[in-house]
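Shown below: start-v3.txt, with compact mmCIF, C-alpha atoms and all ligand atoms.
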```txt
# COMPACT_ATOMS: atom_id res chain seq x y z
CA MET D 1 11.01 -24.18 67.09
CA SER D 2 7.35 -23.35 67.18
CA LEU D 3 6.46 -19.68 66.91
CA ASP D 4 2.94 -18.31 66.75
CA ILE D 5 3.91 -16.17 63.82
CA ARG D 6 0.43 -14.77 63.21
CA ALA D 7 0.26 -13.49 66.78
CA ILE D 8 3.78 -12.05 66.53
CA LEU D 9 3.03 -10.22 63.28
CA GLN D 10 -0.32 -9.02 64.62
CA GLY D 11 1.44 -7.59 67.68
CA PHE D 12 3.86 -5.60 65.52
CA ALA D 13 1.04 -4.46 63.25
CA THR D 14 -0.74 -3.04 66.27
CA SER D 15 2.42 -1.17 67.35
CA ALA D 16 2.78 0.19 63.81
CA GLY D 17 -0.87 1.15 63.47
CA LEU D 18 -1.26 -1.06 60.37
CA SER D 19 -4.28 -3.27 59.75
CA LEU D 20 -3.67 -6.85 58.64
CA ASP D 21 -7.28 -7.51 57.60
CA GLY D 22 -7.11 -9.45 54.35
CA ALA D 23 -3.30 -9.74 54.51
CA SER D 24 -1.36 -12.79 53.28
CA ILE D 25 1.81 -14.16 54.84
CA ARG D 26 4.88 -15.01 52.77
CA ARG D 27 7.70 -16.87 54.40
CA SER D 28 11.22 -16.87 52.95
CA SER D 29 13.94 -19.19 54.20
CA SER D 30 17.63 -18.92 54.89
CA ARG D 31 20.12 -21.11 53.04
CA PHE D 32 23.05 -23.38 53.73
CA CYS D 33 25.62 -23.74 50.96
CA LEU D 34 27.34 -27.10 50.56
CA GLY D 35 29.59 -25.93 47.73
CA VAL D 36 31.28 -24.22 46.02
CA GLU D 37 31.39 -21.49 48.65
CA HIS D 38 32.62 -18.32 46.89
CA GLY D 39 32.05 -20.11 43.59
CA ASP D 40 29.18 -17.92 42.39
CA TYR D 41 31.36 -15.00 41.31
CA ASN D 42 33.96 -17.47 40.05
CA GLY D 43 31.66 -19.27 37.63
CA THR D 44 31.44 -22.66 39.37
CA GLU D 45 28.46 -24.94 39.90
CA LEU D 46 26.62 -24.46 43.18
CA PHE D 47 24.76 -26.68 45.61
CA GLY D 48 22.83 -25.91 48.79
CA VAL D 49 19.62 -26.26 50.73
CA GLY D 50 16.96 -23.99 52.24
CA THR D 51 17.00 -23.95 56.04
CA ASP D 52 14.29 -23.26 58.60
CA ARG D 53 15.27 -19.86 59.84
CA PHE D 54 12.94 -17.42 58.16
CA ILE D 55 11.64 -13.97 57.39
CA TRP D 56 7.86 -13.81 57.61
CA MET D 57 6.00 -10.95 56.00
CA ALA D 58 2.30 -10.18 56.36
CA PHE D 59 1.36 -7.99 53.42
CA LYS D 60 -1.47 -6.54 51.41
CA PRO D 61 -1.85 -3.89 48.73
CA ASN D 62 -2.78 -0.29 49.48
CA ASP D 63 -4.20 2.24 47.06
CA VAL D 64 -2.38 5.27 48.39
CA GLY D 65 0.74 4.54 46.32
CA ARG D 66 3.03 4.13 49.31
CA LEU D 67 5.35 1.58 50.84
CA ARG D 68 4.33 1.33 54.49
CA LEU D 69 6.40 -1.27 56.27
CA TYR D 70 7.29 -2.17 59.82
CA SER D 71 9.95 -4.64 60.94
CA GLY D 72 9.72 -6.32 64.32
CA ASN D 73 13.51 -6.70 64.18
CA PHE D 74 14.15 -2.97 63.77
CA GLU D 75 11.48 -1.42 65.92
CA GLN D 76 13.71 1.60 66.54
CA ASP D 77 13.30 2.49 62.85
CA GLY D 78 9.54 2.77 63.29
CA LEU D 79 7.19 2.70 60.32
CA ILE D 80 8.91 3.06 56.95
CA ASP D 81 6.57 5.22 54.86
CA MET D 82 7.60 6.26 51.36
CA ALA D 83 5.68 7.27 48.23
CA LEU D 84 6.34 4.98 45.26
CA ASP D 85 6.87 8.01 43.06
CA ALA D 86 9.58 9.39 45.38
CA ILE D 87 11.93 6.40 45.71
CA PRO D 88 15.46 7.73 46.41
CA GLU D 89 18.16 7.01 43.86
CA PRO D 90 20.92 4.51 44.82
CA GLY D 91 23.30 5.90 47.39
CA THR D 92 20.81 8.42 48.74
CA ALA D 93 18.51 6.11 50.73
CA PRO D 94 18.60 6.22 54.54
CA ASP D 95 21.09 3.84 56.14
CA SER D 96 18.56 1.38 57.55
CA TRP D 97 16.75 -1.81 56.56
CA SER D 98 14.42 0.39 54.50
CA ARG D 99 17.04 0.31 51.72
CA PHE D 100 15.75 -3.16 50.83
CA PRO D 101 12.10 -2.29 50.10
CA LEU D 102 13.22 0.95 48.46
CA GLY D 103 15.70 -0.98 46.32
CA VAL D 104 13.03 -3.48 45.30
CA ALA D 105 10.66 -0.70 44.21
CA TRP D 106 13.54 1.08 42.45
CA ILE D 107 14.60 -1.97 40.42
CA LEU D 108 11.03 -2.83 39.38
CA LYS D 109 10.46 0.71 38.19
CA LYS D 110 13.85 0.80 36.47
CA LYS D 111 12.95 -2.37 34.57
CA GLY D 112 9.75 -0.72 33.39
CA TYR D 113 7.23 -2.47 35.63
CA ASN D 114 4.23 -0.37 36.53
CA LEU D 115 3.77 -0.09 40.30
CA ARG D 116 0.14 0.93 40.55
CA ARG D 117 -0.40 -0.23 44.08
CA GLY D 118 1.50 0.30 47.27
CA LEU D 119 2.34 -2.27 49.92
CA ASP D 120 1.44 -2.45 53.61
CA ALA D 121 3.63 -5.00 55.36
CA VAL D 122 4.79 -6.20 58.74
CA LEU D 123 7.93 -8.31 58.95
CA TYR D 124 9.70 -10.43 61.46
CA GLY D 125 12.68 -12.74 61.02
CA ASN D 126 14.89 -15.15 62.97
CA ILE D 127 17.74 -15.64 60.48
CA PRO D 128 21.06 -14.98 62.20
CA GLY D 129 23.11 -12.25 60.54
CA GLY D 130 26.13 -13.25 58.47
CA GLY D 131 26.30 -16.63 56.78
CA MET D 132 22.68 -17.63 56.21
CA SER D 133 21.60 -15.00 53.66
CA ARG D 134 19.27 -12.79 55.58
CA SER D 135 19.50 -9.99 53.04
CA ALA D 136 18.71 -12.21 50.04
CA SER D 137 15.76 -13.71 51.90
CA LEU D 138 14.40 -10.25 52.69
CA THR D 139 14.93 -8.99 49.14
CA LEU D 140 13.21 -11.99 47.55
CA ASN D 141 10.27 -11.79 49.92
CA LEU D 142 9.74 -8.09 49.20
CA LEU D 143 10.28 -8.47 45.47
CA ILE D 144 7.84 -11.33 44.98
CA SER D 145 5.23 -9.71 47.21
CA LEU D 146 5.40 -6.21 45.71
CA ALA D 147 5.15 -7.82 42.26
CA GLU D 148 2.20 -9.92 43.36
CA VAL D 149 0.12 -7.02 44.66
CA ASN D 150 0.79 -5.26 41.35
CA GLY D 151 -0.15 -8.25 39.20
CA ILE D 152 3.40 -8.46 37.80
CA GLU D 153 4.39 -11.82 36.39
CA PHE D 154 8.07 -12.39 35.83
CA PRO D 155 9.11 -14.15 32.62
CA SER D 156 11.14 -16.76 34.51
CA GLN D 157 12.28 -17.78 37.96
CA MET D 158 15.86 -16.97 36.99
CA GLY D 159 14.61 -13.47 36.17
CA ILE D 160 13.61 -13.11 39.83
CA VAL D 161 17.13 -14.15 40.87
CA ASP D 162 18.58 -11.50 38.57
CA LEU D 163 16.33 -8.74 39.90
CA ALA D 164 17.02 -9.62 43.53
CA LEU D 165 20.73 -9.63 42.77
CA ALA D 166 20.46 -6.27 41.04
CA VAL D 167 18.84 -4.80 44.17
CA GLU D 168 21.90 -5.85 46.19
CA ASN D 169 24.52 -4.91 43.60
CA GLU D 170 23.03 -1.68 42.28
CA TYR D 171 21.02 -0.29 45.18
CA ILE D 172 22.51 -1.68 48.40
CA GLY D 173 26.03 -1.58 46.99
CA SER D 174 26.89 -5.15 47.96
CA PRO D 175 29.25 -6.95 45.56
CA CYS D 176 27.57 -10.35 46.23
CA GLY D 177 26.99 -13.05 43.63
CA ASN D 178 23.79 -15.01 43.00
CA LEU D 179 24.30 -18.01 45.27
CA ASP D 180 21.99 -16.85 48.05
CA GLN D 181 19.09 -15.90 45.79
CA ILE D 182 19.28 -19.20 43.90
CA MET D 183 19.51 -21.35 46.99
CA ILE D 184 16.53 -19.66 48.62
CA LEU D 185 14.23 -19.21 45.63
CA PHE D 186 14.54 -22.81 44.41
CA ALA D 187 14.86 -24.57 47.79
CA ARG D 188 12.68 -27.66 48.26
CA GLU D 189 12.11 -29.59 51.45
CA GLY D 190 14.37 -32.63 51.69
CA MET D 191 16.35 -31.77 48.56
CA GLY D 192 19.47 -29.97 47.53
CA THR D 193 19.47 -27.45 44.69
CA HIS D 194 22.16 -27.90 42.03
CA TYR D 195 22.83 -24.89 39.80
CA ASN D 196 24.89 -25.08 36.65
CA PRO D 197 25.98 -21.63 35.43
CA VAL D 198 26.76 -22.88 31.92
CA ASN D 199 23.08 -23.11 30.98
CA ARG D 200 21.66 -21.55 34.15
CA SER D 201 19.84 -24.79 34.92
CA ILE D 202 18.42 -25.96 38.23
CA ARG D 203 18.20 -29.59 39.28
CA HIS D 204 16.79 -30.79 42.57
CA VAL D 205 18.75 -33.62 44.12
CA PRO D 206 17.00 -35.59 46.86
CA LEU D 207 19.15 -36.68 49.75
CA GLY D 208 19.83 -40.38 49.12
CA GLU D 209 17.99 -43.00 51.10
CA GLY D 210 19.72 -44.48 54.08
CA ALA D 211 21.40 -41.24 55.12
CA PRO D 212 22.00 -41.22 58.86
CA ASP D 213 19.90 -38.88 60.95
CA PHE D 214 21.91 -35.65 60.91
CA GLN D 215 21.59 -31.96 61.70
CA ILE D 216 22.63 -28.92 59.75
CA MET D 217 23.95 -26.65 62.48
CA SER D 218 24.71 -22.97 62.30
CA LEU D 219 27.16 -21.65 64.88
CA ASP D 220 26.55 -17.93 65.07
CA THR D 221 29.64 -16.27 66.56
CA GLY D 222 27.66 -13.27 67.83
CA THR D 223 29.89 -10.92 65.83
CA ILE D 224 28.39 -8.24 63.66
CA ARG D 225 29.55 -8.32 60.08
CA PRO D 226 29.76 -5.09 58.14
CA GLY D 227 28.41 -5.22 54.57
CA LEU D 228 30.30 -7.35 52.04
CA GLU D 229 31.39 -4.13 50.38
CA LYS D 230 33.42 -3.30 53.50
CA SER D 231 34.92 -6.74 54.04
CA THR D 232 37.57 -9.13 52.72
CA TYR D 233 34.87 -10.41 50.36
CA LYS D 234 35.30 -7.43 48.10
CA ILE D 235 39.08 -7.84 48.07
CA ARG D 236 38.80 -11.52 47.13
CA HIS D 237 36.30 -10.65 44.42
CA THR D 238 38.79 -8.17 42.95
CA GLU D 239 41.73 -10.58 43.28
CA CYS D 240 39.86 -13.33 41.44
CA GLY D 241 39.15 -10.83 38.65
CA GLU D 242 42.86 -9.91 38.53
CA MET D 243 43.81 -13.57 38.24
CA VAL D 244 41.35 -14.05 35.38
CA ASP D 245 42.81 -10.98 33.65
CA LEU D 246 46.31 -12.44 33.94
CA CYS D 247 45.24 -15.84 32.60
CA ARG D 248 42.76 -14.80 29.92
CA GLY D 249 45.35 -14.20 27.19
CA PRO D 250 47.80 -17.04 27.81
CA PHE D 251 45.29 -19.64 28.98
CA GLY D 252 41.95 -18.56 27.48
CA ILE D 253 39.87 -18.68 30.68
CA GLN D 254 36.91 -16.40 31.46
CA SER D 255 36.58 -17.27 35.15
CA LEU D 256 38.57 -19.21 37.75
CA GLY D 257 35.87 -21.87 37.46
CA ASP D 258 37.14 -22.58 33.94
CA VAL D 259 40.29 -24.13 35.40
CA ARG D 260 39.19 -27.73 35.55
CA SER D 261 42.16 -29.85 34.50
CA GLU D 262 45.27 -30.60 36.53
CA GLU D 263 47.36 -29.77 33.49
CA LEU D 264 45.92 -26.27 33.15
CA PHE D 265 46.08 -25.69 36.90
CA ARG D 266 49.76 -26.70 36.99
CA ALA D 267 50.58 -24.58 33.94
CA ILE D 268 49.05 -21.48 35.58
CA LEU D 269 50.91 -22.14 38.82
CA SER D 270 54.23 -22.48 37.06
CA ARG D 271 53.63 -19.24 35.17
CA PHE D 272 52.40 -17.08 38.07
CA GLY D 273 53.45 -18.97 41.23
CA THR D 274 56.41 -16.74 42.01
CA THR D 275 55.10 -13.43 40.67
CA HIS D 276 51.56 -13.66 42.10
CA PRO D 277 51.59 -16.24 44.92
CA HIS D 278 48.50 -14.84 46.67
CA LEU D 279 46.42 -15.00 43.48
CA CYS D 280 47.56 -18.58 42.93
CA LYS D 281 46.28 -19.44 46.41
CA ARG D 282 42.82 -18.13 45.54
CA LEU D 283 42.84 -20.32 42.46
CA ASP D 284 44.12 -23.25 44.49
CA TYR D 285 41.00 -23.15 46.67
CA ILE D 286 38.56 -22.76 43.78
CA TYR D 287 40.24 -25.50 41.74
CA HIS D 288 40.25 -28.08 44.52
CA ALA D 289 36.78 -27.16 45.79
CA GLN D 290 35.45 -27.77 42.26
CA LEU D 291 37.12 -31.18 42.15
CA ARG D 292 35.53 -32.05 45.50
CA PHE D 293 32.14 -30.72 44.36
CA GLU D 294 31.58 -33.66 41.99
CA ARG D 295 32.22 -36.16 44.75
CA MET D 296 30.05 -34.21 47.18
CA LEU D 297 27.06 -34.28 44.80
CA LEU D 298 27.40 -37.99 44.30
CA ALA D 299 27.75 -38.62 48.02
CA TRP D 300 24.65 -36.50 48.71
CA SER D 301 22.58 -38.43 46.18
CA GLU D 302 23.74 -41.68 47.76
CA GLY D 303 22.90 -40.53 51.29
CA ASP D 304 26.59 -40.66 52.21
CA ILE D 305 26.61 -37.75 54.62
CA LYS D 306 29.91 -38.81 56.10
CA THR D 307 31.64 -38.03 52.79
CA VAL D 308 29.62 -34.82 52.36
CA GLY D 309 30.90 -33.81 55.80
CA GLU D 310 34.52 -34.67 54.97
CA ILE D 311 34.33 -32.51 51.85
CA PHE D 312 32.67 -29.71 53.79
CA ARG D 313 35.62 -29.84 56.20
CA ALA D 314 38.19 -29.90 53.41
CA ASP D 315 36.50 -26.87 51.83
CA GLY D 316 36.75 -25.14 55.20
CA LEU D 317 40.51 -25.66 55.35
CA GLY D 318 40.83 -24.28 51.82
CA LEU D 319 38.71 -21.25 52.71
CA ARG D 320 40.85 -20.68 55.79
CA ASP D 321 44.33 -21.30 54.38
CA ASP D 322 44.18 -20.60 50.63
CA TYR D 323 41.21 -18.34 50.05
CA GLN D 324 41.94 -16.74 53.44
CA ILE D 325 38.44 -15.47 53.95
CA SER D 326 37.67 -16.85 57.41
CA GLY D 327 37.93 -15.00 60.71
CA LYS D 328 39.16 -15.84 64.17
CA GLU D 329 35.76 -16.26 65.82
CA LEU D 330 34.57 -18.42 62.91
CA GLU D 331 37.63 -20.63 63.30
CA THR D 332 37.22 -20.85 67.05
CA MET D 333 33.76 -22.32 66.45
CA CYS D 334 35.21 -24.79 63.94
CA ASP D 335 38.06 -25.79 66.24
CA ILE D 336 35.65 -26.41 69.10
CA VAL D 337 33.23 -28.63 67.22
CA ARG D 338 35.89 -30.47 65.18
CA THR D 339 36.95 -32.34 68.30
CA ILE D 340 33.54 -33.92 68.87
CA PRO D 341 32.78 -37.46 67.67
CA GLY D 342 29.78 -37.36 65.34
CA VAL D 343 30.68 -33.97 63.87
CA LEU D 344 31.13 -34.92 60.22
CA GLY D 345 32.42 -31.57 58.97
CA GLU D 346 32.57 -27.89 59.83
CA ARG D 347 33.61 -24.64 58.19
CA MET D 348 32.94 -20.93 57.97
CA LEU D 349 29.78 -19.95 56.08
CA GLY D 350 29.02 -17.30 53.52
CA GLY D 351 30.79 -14.00 52.98
CA GLY D 352 33.54 -14.49 55.57
CA ASP D 353 35.43 -12.53 58.25
CA ARG D 354 32.61 -12.74 60.77
CA GLY D 355 29.09 -14.12 61.08
CA ALA D 356 28.44 -17.85 61.40
CA SER D 357 30.20 -21.15 60.92
CA GLY D 358 28.32 -24.31 60.06
CA ALA D 359 28.57 -28.00 60.87
CA LEU D 360 27.08 -31.28 59.68
CA VAL D 361 26.43 -33.31 62.79
CA LEU D 362 24.98 -36.76 63.52
CA SER D 363 21.81 -36.12 65.51
CA GLU D 364 23.11 -38.15 68.44
CA SER D 365 25.95 -35.60 68.80
CA GLU D 366 23.86 -32.43 68.67
CA ALA D 367 23.74 -32.06 72.46
CA ALA D 368 27.51 -32.56 72.69
CA VAL D 369 28.03 -29.77 70.14
CA ARG D 370 25.83 -27.38 72.09
CA SER D 371 27.54 -28.17 75.35
CA ALA D 372 31.06 -27.85 73.90
CA VAL D 373 30.26 -24.49 72.33
CA ASP D 374 28.61 -23.26 75.53
CA THR D 375 31.73 -24.16 77.49
CA ALA D 376 34.51 -23.19 75.12
CA TYR D 377 33.29 -20.31 72.99
CA PRO D 378 32.67 -17.79 75.79
CA ARG D 379 36.07 -18.71 77.24
CA GLY D 380 37.74 -17.93 73.91
CA HIS D 381 35.65 -14.86 73.12
CA PRO D 382 34.18 -13.45 76.33
CA GLU D 383 33.22 -10.30 74.44
CA TYR D 384 30.61 -12.34 72.55
CA ALA D 385 29.46 -14.48 75.49
CA GLY D 386 26.01 -12.92 75.44
CA ASN D 387 25.54 -12.94 71.68
CA TYR D 388 26.58 -16.25 70.16
CA ALA D 389 23.94 -18.86 69.31
CA VAL D 390 23.71 -22.43 68.07
CA HIS D 391 20.93 -23.34 65.64
CA SER D 392 19.93 -26.80 64.40
CA CYS D 393 18.20 -26.52 61.05
CA ARG D 394 15.91 -28.63 58.88
CA MET D 395 15.74 -28.53 55.08
CA VAL D 396 12.70 -26.62 53.92
CA ASP D 397 11.00 -24.99 50.94
CA GLY D 398 12.51 -21.59 50.21
CA ILE D 399 9.44 -19.47 49.53
CA LYS D 400 6.05 -20.37 50.90
CA THR D 401 2.69 -18.69 51.36
CA LEU D 402 1.00 -19.32 54.71
CA PRO D 403 -2.62 -18.78 55.70
CA GLY D 404 -3.20 -15.09 56.36
CA TRP D 405 -6.14 -13.09 57.69
CA GLU D 406 -9.65 -13.14 56.20
C1 LIG J 1 27.84 -14.28 50.45
C2 LIG J 1 27.40 -13.72 49.10
C3 LIG J 1 27.17 -14.84 48.09
C4 LIG J 1 28.33 -15.81 48.03
C5 LIG J 1 28.73 -16.23 49.45
C6 LIG J 1 29.99 -17.06 49.47
O1 LIG J 1 26.81 -14.99 51.04
O2 LIG J 1 26.21 -13.00 49.26
O3 LIG J 1 26.90 -14.30 46.82
O4 LIG J 1 29.40 -15.28 47.32
O5 LIG J 1 28.96 -15.12 50.28
O6 LIG J 1 29.77 -18.28 48.87
```
Please, can you express the file's structure as structure tokens?
Ligand code: GLA
Amino acid sequence: MSLDIRAILQGFATSAGLSLDGASIRRSSSRFCLGVEHGDYNGTELFGVGTDRFIWMAFKPNDVGRLRLYSGNFEQDGLIDMALDAIPEPGTAPDSWSRFPLGVAWILKKKGYNLRRGLDAVLYGNIPGGGMSRSASLTLNLLISLAEVNGIEFPSQMGIVDLALAVENEYIGSPCGNLDQIMILFAREGMGTHYNPVNRSIRHVPLGEGAPDFQIMSLDTGTIRPGLEKSTYKIRHTECGEMVDLCRGPFGIQSLGDVRSEELFRAILSRFGTTHPHLCKRLDYIYHAQLRFERMLLAWSEGDIKTVGEIFRADGLGLRDDYQISGKELETMCDIVRTIPGVLGERMLGGGDRGASGALVLSESEAAVRSAVDTAYPRGHPEYAGNYAVHSCRMVDGIKTLPGWE
């Protein structure tokens, strides 16, 4: 997709009455998780890539001590204009996208950073909602840019992840984990990002040579997902915590990700299988997804996308049947594309309930996927006929600065 992003941002700046003279542009990507989905708050390793649906932000400092921001995606909200010394406390901010810049300023101040300069910014994004981490992309973009105009240098990249996560957890009220922030901040073109929570390390894994030409496709169901705090996500988060509480004493685990041997897994099932069957199902998904994760990483590094796809599909069945975090529209998308030769794997993406599913597809089958979805999805869900969308994505760098205005 080729967008004249400078012209688009300039157009919104004119509507907002903001000048972009001397402004820079920062682009932040979306992300596609290849595993372990829902592993971040369960202490598992993570793997994913940055994808080419973005938020672009033209920005520059101002010396009036204010956040003045305009989003081309929320024009009805008009210009957000707030003094840096009057940032509302959590829970008292207006219910609009402005909670993100306010949350970023709030967390920086809370951590003792001195915000001497304000920020003038114009934003526009094309990341579909639900499944591709729009909120993490926005938060990171704002955080890095507000820090930059104030000359703030963070001690480490992982420190940026933690701050962005704190904005979501403490200010927005979302119970999310750190998967999205990690997969966007560290994303590199043509590579996967492998995170190990044990030592908080990042390793970039190039896609192995000889991989067939394939597409990462996002199948946006057109549904609107309420925040994670209002969805099944929060319930699963709590359930996983309950299961850890049950197992901590007798089995010595600190997270479900600590269950790595068949012996331990079986012992937990025989102890709690009848008393807490639903909690055992959550563990069942996490345990088997972790086992598959090792094979998936190896397959990726060997360019064996067929196996990566098979594991992606197996994860999807676990998320649907054991973790029970999918939703009917998400599964309709999966059921449609699963029938197509050249679709290597498909499953729901991200937080669950609603939003987008994803598929790994041989490039020669991309047109067939689009045509099948166009035929079948509106028949299954006529209420979303005007809203669903199919995106084919490339792997890209997560955070990038583009030429701005002189
Ligand atoms: C959402 C959350 C992430 C992660 C995923 C599921 O995207 O924001 O922290 O838990 O769901 O893998």
Test item: residues no farther than 7 Å from ligand LIG 1 (chain J), counting all atoms listed in the file, as a PyMOL selection string: chain D and resi 36-41+131+133+176-180+350-351
Would you compute, for all listed atoms of segment 244-249 of chain D, the axis-aligned bounding box grown by 4 Å on each side, and then report its centre and edge lengths in Å rounded to one decimal, as JSON?
```
{"center_x": 43.8, "center_y": -13.4, "center_z": 31.3, "size_x": 13.0, "size_y": 12.9, "size_z": 16.2}
```
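Distances here use only C-alpha atoms; by that measure, the residue among D:Thr232, D:Ser156, D:Ser28, D:Asn73 closest to Leu142 of chain D is D:Ser28.
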Radius query 10 Å about (32.0, -10.1, 51.1), atoms used: all atoms listed in the file, as a PyMOL selection string: chain D and resi 38+130+174-177+225-237+325+350-353
Produce a table with one row for each residue of segment 73-113 of chain D that has an atom at most 10 Å from any atom of segment 168-171 of chain D, each row naming the nearest atom pair and its distance in Å at one decimal; use only C-alpha atoms; arrange rows by chain and rising residue number; format as a Markdown table.
```
| residue | atom | partner | partner_atom | distance |
| --- | --- | --- | --- | --- |
| D:Pro88 | CA | D:Tyr171 | CA | 9.8 |
| D:Glu89 | CA | D:Tyr171 | CA | 8.0 |
| D:Pro90 | CA | D:Tyr171 | CA | 4.8 |
| D:Gly91 | CA | D:Tyr171 | CA | 7.0 |
| D:Thr92 | CA | D:Tyr171 | CA | 9.4 |
| D:Ala93 | CA | D:Tyr171 | CA | 8.8 |
| D:Arg99 | CA | D:Tyr171 | CA | 7.7 |
| D:Phe100 | CA | D:Glu168 | CA | 8.2 |
| D:Leu102 | CA | D:Tyr171 | CA | 8.6 |
| D:Gly103 | CA | D:Tyr171 | CA | 5.5 |
| D:Val104 | CA | D:Tyr171 | CA | 8.6 |
| D:Trp106 | CA | D:Tyr171 | CA | 8.1 |
| D:Ile107 | CA | D:Tyr171 | CA | 8.2 |
```
